[in-house]
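Undergrad: Structure: entry_21.cif, mmCIF, C-alpha atoms.
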```
data_protein
#
loop_
_atom_site.label_atom_id
_atom_site.label_comp_id
_atom_site.auth_asym_id
_atom_site.auth_seq_id
_atom_site.Cartn_x
_atom_site.Cartn_y
_atom_site.Cartn_z
CA MET A 869 5.99 22.33 -22.05
CA ALA A 870 5.09 20.35 -18.92
CA GLU A 871 7.73 18.09 -17.41
CA PRO A 872 7.49 14.36 -18.10
CA ILE A 873 6.25 12.11 -15.30
CA ASP A 874 8.99 9.89 -13.88
CA PHE A 875 7.97 6.24 -13.60
CA TYR A 876 10.41 4.14 -11.55
CA PHE A 877 9.93 0.39 -11.64
CA ASP A 878 11.60 -2.99 -11.31
CA PHE A 879 10.74 -5.73 -13.77
CA SER A 880 10.15 -8.15 -10.89
CA SER A 881 7.32 -6.01 -9.48
CA PRO A 882 3.74 -7.16 -10.12
CA TYR A 883 2.33 -3.77 -9.16
CA GLY A 884 4.90 -2.17 -11.45
CA TYR A 885 3.48 -4.31 -14.25
CA LEU A 886 -0.07 -3.19 -13.47
CA ALA A 887 1.05 0.45 -13.45
CA SER A 888 2.91 -0.02 -16.73
CA THR A 889 -0.37 -0.84 -18.45
CA GLU A 890 -1.92 2.43 -17.30
CA ILE A 891 0.61 5.21 -16.84
CA ASP A 892 1.16 6.31 -20.44
CA GLY A 893 -2.56 6.58 -21.15
CA LEU A 894 -3.23 8.36 -17.88
CA ALA A 895 -0.43 10.86 -18.53
CA ALA A 896 -1.54 11.45 -22.12
CA ARG A 897 -5.01 12.47 -20.93
CA HIS A 898 -3.28 15.37 -19.20
CA GLY A 899 -0.96 16.14 -22.09
CA ARG A 900 2.03 14.62 -20.33
CA SER A 901 4.69 12.16 -21.40
CA VAL A 902 6.30 9.54 -19.14
CA THR A 903 9.97 8.73 -18.65
CA TRP A 904 10.32 5.04 -17.79
CA ARG A 905 13.13 4.45 -15.32
CA PRO A 906 14.01 0.85 -14.46
CA PHE A 907 16.03 0.47 -11.28
CA VAL A 908 17.12 -2.32 -8.94
CA LEU A 909 14.48 -2.62 -6.23
CA GLY A 910 16.72 -4.94 -4.22
CA ALA A 911 19.07 -2.03 -3.56
CA ALA A 912 16.19 -0.14 -1.95
CA PHE A 913 15.15 -3.23 0.04
CA LYS A 914 18.66 -3.30 1.54
CA LEU A 915 18.02 0.17 2.94
CA THR A 916 14.43 -0.36 4.05
CA GLY A 917 14.77 -3.93 5.31
CA GLN A 918 11.92 -5.06 3.06
CA ARG A 919 11.70 -8.13 0.89
CA ALA A 920 9.21 -9.36 -1.68
CA LEU A 921 5.65 -9.36 -0.34
CA THR A 922 5.14 -12.98 -1.31
CA GLU A 923 8.04 -13.97 0.95
CA GLN A 924 6.44 -12.47 4.04
CA PRO A 925 4.27 -14.37 6.51
CA LEU A 926 0.55 -13.50 6.25
CA ARG A 927 1.24 -10.76 3.69
CA GLY A 928 2.27 -13.26 1.02
CA ASP A 929 -1.07 -15.01 0.62
CA TYR A 930 -2.89 -11.71 0.53
CA ALA A 931 -0.46 -10.26 -2.02
CA ARG A 932 -0.99 -13.14 -4.45
CA ARG A 933 -4.74 -12.67 -4.21
CA ASP A 934 -4.47 -8.91 -4.55
CA PHE A 935 -2.20 -9.01 -7.62
CA ALA A 936 -4.70 -11.17 -9.47
CA ARG A 937 -7.78 -9.33 -8.21
CA SER A 938 -6.35 -5.93 -9.19
CA ALA A 939 -5.38 -7.25 -12.63
CA ARG A 940 -8.90 -8.62 -13.22
CA LEU A 941 -10.36 -5.26 -12.28
CA LEU A 942 -8.07 -3.54 -14.81
CA GLY A 943 -8.88 -6.14 -17.43
CA VAL A 944 -5.24 -7.08 -18.03
CA PRO A 945 -3.88 -10.64 -18.09
CA PHE A 946 -1.98 -11.78 -15.01
CA LYS A 947 0.04 -14.85 -14.20
CA LEU A 948 2.72 -14.88 -11.53
CA PRO A 949 5.89 -16.44 -12.98
CA GLU A 950 7.82 -19.19 -11.28
CA PRO A 951 10.23 -18.69 -9.70
CA PHE A 952 8.99 -15.58 -7.92
CA PRO A 953 10.52 -13.29 -6.71
CA PHE A 954 13.32 -13.02 -9.26
CA PHE A 955 16.13 -10.68 -10.26
CA ALA A 956 15.52 -8.84 -13.50
CA LEU A 957 18.99 -7.51 -14.22
CA ALA A 958 19.06 -8.57 -17.88
CA ALA A 959 15.87 -6.70 -18.78
CA SER A 960 16.86 -3.63 -16.78
CA ARG A 961 20.32 -3.44 -18.35
CA ALA A 962 18.76 -3.95 -21.75
CA CYS A 963 16.62 -0.85 -21.28
CA SER A 964 19.76 1.16 -20.54
CA TRP A 965 21.51 -0.28 -23.56
CA VAL A 966 18.64 0.46 -25.98
CA GLU A 967 19.29 4.16 -26.33
CA ALA A 968 16.15 5.36 -28.08
CA PRO A 969 13.54 5.96 -25.36
CA SER A 970 10.62 4.83 -27.51
CA ARG A 971 12.32 1.54 -28.32
CA ALA A 972 13.37 1.02 -24.71
CA LYS A 973 9.77 1.60 -23.62
CA ALA A 974 8.46 -0.86 -26.20
CA LEU A 975 10.94 -3.42 -24.92
CA ALA A 976 9.97 -2.74 -21.31
CA LYS A 977 6.28 -3.22 -22.09
CA ALA A 978 6.97 -6.46 -23.93
CA VAL A 979 9.13 -7.79 -21.09
CA TYR A 980 6.53 -6.90 -18.46
CA HIS A 981 3.82 -8.57 -20.53
CA ALA A 982 5.91 -11.72 -20.89
CA ALA A 983 6.68 -11.82 -17.16
CA PHE A 984 3.29 -11.09 -15.64
CA GLY A 985 0.85 -11.29 -18.53
CA GLU A 986 2.14 -14.72 -19.60
CA GLY A 987 4.03 -15.83 -16.49
CA ARG A 988 7.31 -16.42 -18.33
CA ASP A 989 10.68 -16.54 -16.60
CA ILE A 990 12.36 -13.40 -18.01
CA THR A 991 15.57 -13.69 -16.00
CA PRO A 992 17.72 -15.41 -18.67
CA VAL A 993 19.42 -13.08 -21.14
CA PRO A 994 18.34 -15.22 -24.13
CA VAL A 995 14.68 -14.78 -23.19
CA VAL A 996 15.00 -11.00 -23.11
CA ALA A 997 17.00 -11.12 -26.35
CA GLU A 998 14.25 -13.12 -28.03
CA ILE A 999 11.62 -10.62 -26.90
CA ALA A 1000 13.83 -7.82 -28.24
CA ARG A 1001 14.24 -9.52 -31.63
CA GLY A 1002 10.47 -9.61 -31.88
CA LEU A 1003 10.67 -5.80 -31.82
CA GLY A 1004 13.51 -5.66 -34.32
CA ILE A 1005 16.18 -5.07 -31.69
CA GLN A 1006 19.31 -7.13 -32.42
CA GLY A 1007 22.47 -7.82 -30.45
CA LEU A 1008 21.01 -7.62 -26.95
CA GLU A 1009 23.07 -10.57 -25.65
CA GLN A 1010 26.26 -8.60 -26.21
CA GLY A 1011 24.72 -5.24 -25.33
CA VAL A 1012 23.70 -6.13 -21.80
CA GLU A 1013 27.20 -7.39 -21.05
CA GLN A 1014 28.83 -4.08 -21.93
CA PRO A 1015 30.30 -2.32 -18.90
CA ALA A 1016 28.42 0.82 -19.94
CA SER A 1017 25.06 -1.01 -19.69
CA LYS A 1018 25.86 -2.27 -16.22
CA ALA A 1019 27.14 1.12 -15.08
CA ALA A 1020 24.05 2.87 -16.44
CA LEU A 1021 21.74 0.68 -14.35
CA ARG A 1022 23.87 1.18 -11.25
CA ASP A 1023 23.79 4.94 -11.76
CA ALA A 1024 20.03 4.90 -12.37
CA THR A 1025 19.54 2.95 -9.16
CA ASP A 1026 21.76 5.28 -7.14
CA GLN A 1027 19.88 8.29 -8.47
CA ALA A 1028 16.53 6.68 -7.64
CA LEU A 1029 17.57 5.98 -4.06
CA ALA A 1030 18.99 9.49 -3.68
CA ARG A 1031 15.59 10.80 -4.73
CA GLY A 1032 13.82 8.73 -2.08
CA VAL A 1033 12.48 5.94 -4.28
CA PHE A 1034 11.97 2.82 -2.15
CA GLY A 1035 9.32 0.79 -3.96
CA SER A 1036 7.93 -0.16 -7.35
CA PRO A 1037 6.10 1.49 -8.96
CA PHE A 1038 7.13 4.97 -7.82
CA PHE A 1039 6.29 8.21 -9.60
CA PHE A 1040 7.18 11.88 -9.50
CA VAL A 1041 4.86 14.53 -10.89
CA ASP A 1042 6.44 17.98 -10.80
CA GLY A 1043 8.51 16.86 -7.81
CA GLU A 1044 5.61 15.25 -5.93
CA PRO A 1045 6.24 11.57 -5.06
CA PHE A 1046 3.60 8.84 -5.38
CA TRP A 1047 4.30 5.25 -4.35
CA GLY A 1048 2.32 2.29 -5.56
CA HIS A 1049 -0.13 1.29 -8.24
CA ASP A 1050 -2.85 2.27 -5.80
CA ARG A 1051 -1.71 5.91 -5.85
CA LEU A 1052 -2.50 6.33 -9.54
CA ASP A 1053 -5.87 7.79 -8.61
CA GLN A 1054 -4.20 10.51 -6.54
CA LEU A 1055 -1.60 11.05 -9.26
CA ASP A 1056 -4.42 11.47 -11.79
CA ARG A 1057 -6.10 14.04 -9.59
CA TRP A 1058 -2.80 15.82 -8.97
CA LEU A 1059 -2.33 16.23 -12.71
CA ALA A 1060 -5.89 17.51 -13.07
CA THR A 1061 -5.72 20.01 -10.22
CA GLY A 1062 -2.06 20.89 -9.77
CA GLY A 1063 -2.16 19.53 -6.24
CA TRP A 1064 -4.08 20.11 -3.03
CA MET B 958 -29.89 -9.69 5.71
CA ALA B 959 -26.40 -9.08 4.35
CA GLU B 960 -23.46 -9.76 6.65
CA PRO B 961 -21.78 -6.79 8.33
CA ILE B 962 -18.41 -5.66 6.98
CA ASP B 963 -15.57 -6.42 9.39
CA PHE B 964 -13.27 -3.44 9.97
CA TYR B 965 -10.05 -4.34 11.80
CA PHE B 966 -7.91 -1.47 13.03
CA ASP B 967 -5.36 -0.32 15.56
CA PHE B 968 -5.75 3.09 17.18
CA SER B 969 -2.11 3.89 16.39
CA SER B 970 -2.72 3.56 12.64
CA PRO B 971 -3.03 6.78 10.60
CA TYR B 972 -4.53 4.93 7.65
CA GLY B 973 -6.92 3.24 10.07
CA TYR B 974 -8.03 6.71 11.14
CA LEU B 975 -8.61 7.78 7.54
CA ALA B 976 -10.63 4.62 6.89
CA SER B 977 -12.65 5.18 10.07
CA THR B 978 -13.97 8.43 8.65
CA GLU B 979 -15.29 6.69 5.54
CA ILE B 980 -16.23 3.08 6.14
CA ASP B 981 -19.64 3.49 7.81
CA GLY B 982 -20.90 5.85 5.10
CA LEU B 983 -19.52 3.70 2.33
CA ALA B 984 -21.14 0.58 3.77
CA ALA B 985 -24.47 2.34 4.34
CA ARG B 986 -24.65 3.26 0.65
CA HIS B 987 -24.79 -0.48 0.00
CA GLY B 988 -27.20 -1.21 2.85
CA ARG B 989 -24.47 -2.73 4.99
CA SER B 990 -23.42 -2.23 8.58
CA VAL B 991 -19.85 -2.35 9.88
CA THR B 992 -18.44 -4.24 12.85
CA TRP B 993 -15.48 -2.31 14.26
CA ARG B 994 -12.78 -4.64 15.55
CA PRO B 995 -9.81 -3.07 17.33
CA PHE B 996 -6.80 -5.37 17.59
CA VAL B 997 -3.12 -5.10 18.52
CA LEU B 998 -1.20 -4.42 15.31
CA GLY B 999 2.10 -5.02 17.08
CA ALA B 1000 1.20 -8.71 17.41
CA ALA B 1001 0.90 -8.91 13.62
CA PHE B 1002 4.17 -7.02 13.18
CA LYS B 1003 5.89 -9.71 15.25
CA LEU B 1004 4.78 -12.27 12.66
CA THR B 1005 5.47 -10.20 9.56
CA GLY B 1006 8.66 -8.49 10.72
CA GLN B 1007 7.17 -5.07 10.01
CA ARG B 1008 7.31 -1.95 12.12
CA ALA B 1009 5.69 1.46 11.87
CA LEU B 1010 6.21 3.07 8.46
CA THR B 1011 7.58 6.23 10.01
CA GLU B 1012 10.37 4.22 11.63
CA GLN B 1013 11.64 2.88 8.32
CA PRO B 1014 14.43 4.46 6.25
CA LEU B 1015 13.14 6.23 3.12
CA ARG B 1016 9.59 5.02 3.71
CA GLY B 1017 9.17 7.20 6.80
CA ASP B 1018 9.42 10.57 5.10
CA TYR B 1019 7.10 9.45 2.34
CA ALA B 1020 4.58 8.08 4.83
CA ARG B 1021 4.36 11.36 6.74
CA ARG B 1022 3.72 13.21 3.50
CA ASP B 1023 1.20 10.63 2.31
CA PHE B 1024 -0.81 10.59 5.56
CA ALA B 1025 -1.31 14.35 5.36
CA ARG B 1026 -1.89 14.45 1.61
CA SER B 1027 -4.50 11.68 1.77
CA ALA B 1028 -6.26 13.42 4.67
CA ARG B 1029 -6.40 16.72 2.78
CA LEU B 1030 -7.90 14.94 -0.20
CA LEU B 1031 -10.59 13.44 2.06
CA GLY B 1032 -11.19 16.79 3.73
CA VAL B 1033 -10.55 15.45 7.24
CA PRO B 1034 -8.25 17.07 9.81
CA PHE B 1035 -4.88 15.41 10.31
CA LYS B 1036 -2.08 15.93 12.81
CA LEU B 1037 0.41 13.22 13.66
CA PRO B 1038 0.67 12.96 17.46
CA GLU B 1039 3.95 12.96 19.33
CA PRO B 1040 5.23 10.50 20.26
CA PHE B 1041 4.56 8.39 17.18
CA PRO B 1042 4.33 5.41 16.86
CA PHE B 1043 2.58 4.59 20.12
CA PHE B 1044 0.77 1.73 21.83
CA ALA B 1045 -2.96 2.19 22.09
CA LEU B 1046 -3.84 -0.51 24.60
CA ALA B 1047 -6.05 1.68 26.79
CA ALA B 1048 -8.33 2.71 23.94
CA SER B 1049 -8.49 -0.81 22.51
CA ARG B 1050 -9.32 -2.37 25.85
CA ALA B 1051 -11.91 0.33 26.44
CA CYS B 1052 -13.74 -0.68 23.26
CA SER B 1053 -13.90 -4.26 24.54
CA TRP B 1054 -15.15 -3.07 27.89
CA VAL B 1055 -17.92 -0.85 26.49
CA GLU B 1056 -20.35 -3.58 25.64
CA ALA B 1057 -22.90 -1.79 23.48
CA PRO B 1058 -21.50 -1.73 19.92
CA SER B 1059 -22.92 1.70 19.11
CA ARG B 1060 -21.30 3.22 22.19
CA ALA B 1061 -18.01 1.44 21.52
CA LYS B 1062 -18.04 2.79 17.98
CA ALA B 1063 -18.75 6.32 19.16
CA LEU B 1064 -15.84 6.01 21.57
CA ALA B 1065 -13.55 4.65 18.85
CA LYS B 1066 -14.41 7.53 16.53
CA ALA B 1067 -13.78 10.07 19.26
CA VAL B 1068 -10.44 8.49 20.18
CA TYR B 1069 -9.31 8.37 16.56
CA HIS B 1070 -10.29 12.01 16.11
CA ALA B 1071 -8.36 13.02 19.21
CA ALA B 1072 -5.28 11.08 18.12
CA PHE B 1073 -5.02 12.00 14.45
CA GLY B 1074 -7.51 14.84 13.97
CA GLU B 1075 -6.08 16.81 16.91
CA GLY B 1076 -2.70 15.12 17.38
CA ARG B 1077 -3.31 14.30 21.06
CA ASP B 1078 -1.40 11.62 22.93
CA ILE B 1079 -4.16 9.08 23.61
CA THR B 1080 -1.96 6.49 25.29
CA PRO B 1081 -2.71 7.47 28.95
CA VAL B 1082 -5.81 5.87 30.43
CA PRO B 1083 -7.03 9.22 31.88
CA VAL B 1084 -7.06 10.76 28.40
CA VAL B 1085 -9.24 7.95 27.05
CA ALA B 1086 -11.43 8.18 30.17
CA GLU B 1087 -11.93 11.91 29.62
CA ILE B 1088 -12.93 11.32 26.00
CA ALA B 1089 -15.35 8.64 27.21
CA ARG B 1090 -16.91 10.95 29.80
CA GLY B 1091 -17.61 13.41 27.00
CA LEU B 1092 -19.82 10.67 25.54
CA GLY B 1093 -21.47 9.90 28.88
CA ILE B 1094 -19.38 6.77 29.50
CA GLN B 1095 -18.27 6.59 33.14
CA GLY B 1096 -15.83 4.32 34.99
CA LEU B 1097 -13.45 3.62 32.14
CA GLU B 1098 -10.35 3.85 34.36
CA GLN B 1099 -11.52 0.79 36.30
CA GLY B 1100 -13.09 -0.93 33.30
CA VAL B 1101 -9.93 -1.16 31.24
CA GLU B 1102 -8.06 -2.74 34.16
CA GLN B 1103 -10.53 -5.61 34.44
CA PRO B 1104 -9.03 -8.96 33.45
CA ALA B 1105 -11.99 -9.52 31.16
CA SER B 1106 -11.18 -6.34 29.18
CA LYS B 1107 -7.59 -7.40 28.71
CA ALA B 1108 -8.56 -10.95 27.79
CA ALA B 1109 -11.13 -9.70 25.27
CA LEU B 1110 -8.50 -7.69 23.40
CA ARG B 1111 -6.07 -10.61 23.42
CA ASP B 1112 -8.77 -12.90 22.03
CA ALA B 1113 -9.78 -10.35 19.41
CA THR B 1114 -6.15 -10.06 18.31
CA ASP B 1115 -5.65 -13.82 18.16
CA GLN B 1116 -8.78 -14.17 16.06
CA ALA B 1117 -7.64 -11.39 13.72
CA LEU B 1118 -4.26 -13.04 13.16
CA ALA B 1119 -5.90 -16.42 12.63
CA ARG B 1120 -8.00 -14.81 9.92
CA GLY B 1121 -4.93 -13.45 8.15
CA VAL B 1122 -5.15 -9.83 9.29
CA PHE B 1123 -1.67 -8.28 9.20
CA GLY B 1124 -2.23 -4.55 8.81
CA SER B 1125 -4.52 -1.66 9.69
CA PRO B 1126 -7.03 -1.00 8.32
CA PHE B 1127 -8.11 -4.45 7.15
CA PHE B 1128 -11.58 -5.41 5.98
CA PHE B 1129 -13.60 -8.48 5.12
CA VAL B 1130 -16.63 -8.29 2.85
CA ASP B 1131 -18.42 -11.63 2.61
CA GLY B 1132 -15.10 -13.36 3.29
CA GLU B 1133 -13.08 -11.30 0.81
CA PRO B 1134 -10.08 -9.53 2.42
CA PHE B 1135 -9.05 -5.95 1.66
CA TRP B 1136 -5.97 -4.38 3.20
CA GLY B 1137 -5.40 -0.66 3.44
CA HIS B 1138 -7.24 2.61 3.20
CA ASP B 1139 -6.33 2.57 -0.47
CA ARG B 1140 -8.40 -0.55 -1.07
CA LEU B 1141 -11.66 1.17 -0.14
CA ASP B 1142 -12.31 1.85 -3.82
CA GLN B 1143 -12.09 -1.88 -4.61
CA LEU B 1144 -14.17 -2.69 -1.53
CA ASP B 1145 -16.80 -0.22 -2.72
CA ARG B 1146 -16.89 -1.85 -6.13
CA TRP B 1147 -17.02 -5.32 -4.57
CA LEU B 1148 -20.12 -4.32 -2.65
CA ALA B 1149 -21.70 -2.88 -5.79
CA THR B 1150 -20.96 -5.86 -8.02
CA GLY B 1151 -20.62 -8.86 -5.73
CA GLY B 1152 -17.04 -9.35 -6.88
CA TRP B 1153 -15.15 -9.89 -10.11
#
```
Kindly transcribe the structure held in the file into structure tokens.
TA:
Amino acid sequence: MAEPIDFYFDFSSPYGYLASTEIDGLAARHGRSVTWRPFVLGAAFKLTGQRALTEQPLRGDYARRDFARSARLLGVPFKLPEPFPFFALAASRACSWVEAPSRAKALAKAVYHAAFGEGRDITPVPVVAEIARGLGIQGLEQGVEQPASKAALRDATDQALARGVFGSPFFFVDGEPFWGHDRLDQLDRWLATGGW
Amino acid sequence: MAEPIDFYFDFSSPYGYLASTEIDGLAARHGRSVTWRPFVLGAAFKLTGQRALTEQPLRGDYARRDFARSARLLGVPFKLPEPFPFFALAASRACSWVEAPSRAKALAKAVYHAAFGEGRDITPVPVVAEIARGLGIQGLEQGVEQPASKAALRDATDQALARGVFGSPFFFVDGEPFWGHDRLDQLDRWLATGGW
């Protein structure tokens, strides 16, 4: 049985959103599953000295154009929420708290769609809780406040950094790292060929 | 007659090198020519706060792997020169000094190949002059020291920044900007479709 693909992402990442619409289908075409791993991108930015693209001179205007252009090419809806950038702790902790991977993934997809498909502000806990209720997941307001939920996200982030993850999206296929939505074509070929 | 594609690059850019091996052929398939525009990437970095990928924590190790992996996929030779990063003023000024575009492009290709195909240190003027002599271009040592050569590169860099260029490679197709070797697939599709 082939190893799952690791998909690291932050809910505040537009390119992570784009990748989230593609990665499961791409993996399935090669008989692979995907483990979705939310982490706190800001912790990586502290190490790399980066900040959100939209906050950077020159790069910001291009990034906004590129997000939308890439989404149109994929045929997925895109609307940058305001405020942007934002911290997505509630959604990330929620995915740790929802123990069943399939339910956590459904929640992650719904949150990403709300944030970048609809441009909603998904930072408040009640917004994430409402999205969760739409999937039949109750009690999220209390769940994300549990020390175990917070610790799980911290641990996930530490493990991501220790593995060299510094951006979102970030993938590992059989140990091989791929950074960025625009590396999905190489990742696809890696799965098809076993590497080059 | 369709407008040429603008290709902005710095000779110290590994992804610029990769793009340089592809862009003319890609453009020709759509009946387009390419104007090669060397500029000083460091001037953009001053505005954006960036520095060479290889100098950045976490990102550096990934970048070295990705340069080589992307080159292998393209089937082009790749060897990162030492020292890296470097300043490529001599080569950039030389391209301003060589007035005929076809000769400047031949020189640029040869310099890029020396730097990243063979891993040579192309920062010294005599190295660039030797590469130029191999193409029948004489007198480069004196040419690059002319005030006009230096001014031409400064002007080219100012114009690039004014246009929003902040990385290498960077392209414009009929006014549409594309940043990065990994946007060549979108650029290709833009040429085929006229945009989306």
Undergrad: Each residue of chain A lying at most 12 Å from chain B should get a row with its shortest atom-to-atom pair and the distance in Å to one decimal, counting all atoms listed in the file; could you produce that, ordered by chain and increasing number, as CSV?
TA:
```
residue,atom,partner,partner_atom,distance
A:Ala912,CA,B:Leu1015,CA,8.7
A:Phe913,CA,B:Pro1014,CA,9.9
A:Lys914,CA,B:Pro1014,CA,10.0
A:Leu915,CA,B:Pro1014,CA,6.5
A:Thr916,CA,B:Pro1014,CA,5.3
A:Gly917,CA,B:Gln1013,CA,8.1
A:Gln918,CA,B:Gln1007,CA,8.4
A:Arg919,CA,B:Gly1006,CA,10.3
A:Ala920,CA,B:Thr1005,CA,11.9
A:Leu921,CA,B:Thr1005,CA,9.9
A:Thr922,CA,B:Thr1005,CA,11.2
A:Glu923,CA,B:Thr1005,CA,9.7
A:Gln924,CA,B:Thr1005,CA,6.0
A:Pro925,CA,B:Thr1005,CA,5.3
A:Leu926,CA,B:Gly1121,CA,5.8
A:Arg927,CA,B:Phe1123,CA,6.7
A:Gly928,CA,B:Thr1005,CA,9.6
A:Asp929,CA,B:Gly1121,CA,8.6
A:Tyr930,CA,B:Pro1134,CA,7.7
A:Ala931,CA,B:Trp1136,CA,9.6
A:Arg932,CA,B:Pro1134,CA,12.0
A:Arg933,CA,B:Pro1134,CA,9.1
A:Asp934,CA,B:Phe1135,CA,8.3
A:Phe935,CA,B:Phe1135,CA,11.9
A:Ala936,CA,B:Trp1153,CA,10.5
A:Arg937,CA,B:Trp1153,CA,7.6
A:Ser938,CA,B:Gln1143,CA,8.4
A:Ala939,CA,B:Trp1153,CA,10.4
A:Arg940,CA,B:Trp1153,CA,7.1
A:Leu941,CA,B:Trp1153,CA,7.0
A:Leu942,CA,B:Trp1153,CA,10.6
A:Gly943,CA,B:Trp1153,CA,10.3
A:Ala1028,CA,B:Leu1015,CA,11.3
A:Leu1029,CA,B:Leu1015,CA,8.4
A:Ala1030,CA,B:Leu1015,CA,9.5
A:Arg1031,CA,B:Leu1015,CA,9.4
A:Gly1032,CA,B:Leu1015,CA,5.8
A:Val1033,CA,B:Leu1015,CA,7.4
A:Phe1034,CA,B:Leu1015,CA,6.4
A:Gly1035,CA,B:Arg1016,CA,8.8
A:Phe1038,CA,B:Tyr1019,CA,11.1
A:Glu1044,CA,B:Arg1022,CA,9.8
A:Pro1045,CA,B:Tyr1019,CA,7.7
A:Phe1046,CA,B:Asp1023,CA,8.3
A:Trp1047,CA,B:Tyr1019,CA,8.4
A:Gly1048,CA,B:Asp1139,CA,10.0
A:His1049,CA,B:Asp1139,CA,10.0
A:Asp1050,CA,B:Asp1139,CA,6.4
A:Arg1051,CA,B:Asp1139,CA,7.8
A:Leu1052,CA,B:Asp1139,CA,10.5
A:Asp1053,CA,B:Asp1139,CA,9.7
A:Gln1054,CA,B:Ser1027,CA,8.4
A:Leu1055,CA,B:Arg1026,CA,11.4
A:Arg1057,CA,B:Leu1030,CA,9.6
A:Trp1058,CA,B:Leu1030,CA,10.2
A:Thr1061,CA,B:Leu1030,CA,11.4
A:Gly1063,CA,B:Arg1026,CA,9.4
A:Trp1064,CA,B:Leu1030,CA,7.0
```
Undergrad: Please compute the CA of Pro1038 (chain B)-CA of Gly1043 (chain A) distance, one decimal, in Å.
TA: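 Straight-line distance from CA of Pro1038 (chain B) to CA of Gly1043 (chain A) works out to 26.7 Å.
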Undergrad: Would you pick out the contacts of region 1082-1097 of chain B at 7 Å or less, using all atoms listed in the file, so that residues sharing its chain but fewer than 6 positions from it are not included, and give the list as a list in words?
TA: Ala1047, Ala1048, Ala1051, Leu1064, Ala1067 and Val1068 of chain B
Undergrad: Just give me the gap between CA of Thr978 (chain B) and CA of Tyr1069 (chain B) in Å, one decimal is fine.
TA: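 Separation between CA of Thr978 (chain B) and CA of Tyr1069 (chain B): 9.2 Å.
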Undergrad: Rounded to one decimal, what separation in Å do you get between CA of Pro882 (chain A) and CA of Phe946 (chain A)?
TA: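 Answer for the CA of Pro882 (chain A) to CA of Phe946 (chain A) separation: 8.8 Å.
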Undergrad: Which of these, A:Lys973, A:Arg905, A:Arg961, A:Lys947, has the shortest distance to Gly985 (chain A) once you count only C-alpha atoms?
TA: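 Looking at the shortest contact to Gly985 (chain A), the residue is A:Lys947.
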Undergrad: So, with only C-alpha atoms as the atoms that count, which of B:Phe1043, B:Trp1054, B:Phe1128, B:Tyr972 lies closest to Ala1105 (chain B)?
TA: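 Looking at the shortest contact to Ala1105 (chain B), the residue is B:Trp1054.
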Undergrad: For Lys1018 (chain A), work out the shell of residues within 9 Å, counting all atoms listed in the file and skipping chain neighbours fewer than 3 positions away, then give it as a VMD selection string.
TA: chain A and resid 957 961 964 to 965 1012 to 1015 1021 to 1023
Undergrad: Keeping only C-alpha atoms, write those residues as an mmCIF file, in the frame of the given file.
TA:
```
data_model
loop_
_atom_site.group_PDB
_atom_site.id
_atom_site.type_symbol
_atom_site.label_atom_id
_atom_site.label_comp_id
_atom_site.auth_asym_id
_atom_site.auth_seq_id
_atom_site.Cartn_x
_atom_site.Cartn_y
_atom_site.Cartn_z
ATOM 1 C CA LEU A 957 18.990 -7.510 -14.220
ATOM 2 C CA ARG A 961 20.320 -3.440 -18.350
ATOM 3 C CA SER A 964 19.760 1.160 -20.540
ATOM 4 C CA TRP A 965 21.510 -0.280 -23.560
ATOM 5 C CA VAL A 1012 23.700 -6.130 -21.800
ATOM 6 C CA GLU A 1013 27.200 -7.390 -21.050
ATOM 7 C CA GLN A 1014 28.830 -4.080 -21.930
ATOM 8 C CA PRO A 1015 30.300 -2.320 -18.900
ATOM 9 C CA LEU A 1021 21.740 0.680 -14.350
ATOM 10 C CA ARG A 1022 23.870 1.180 -11.250
ATOM 11 C CA ASP A 1023 23.790 4.940 -11.760
#
```
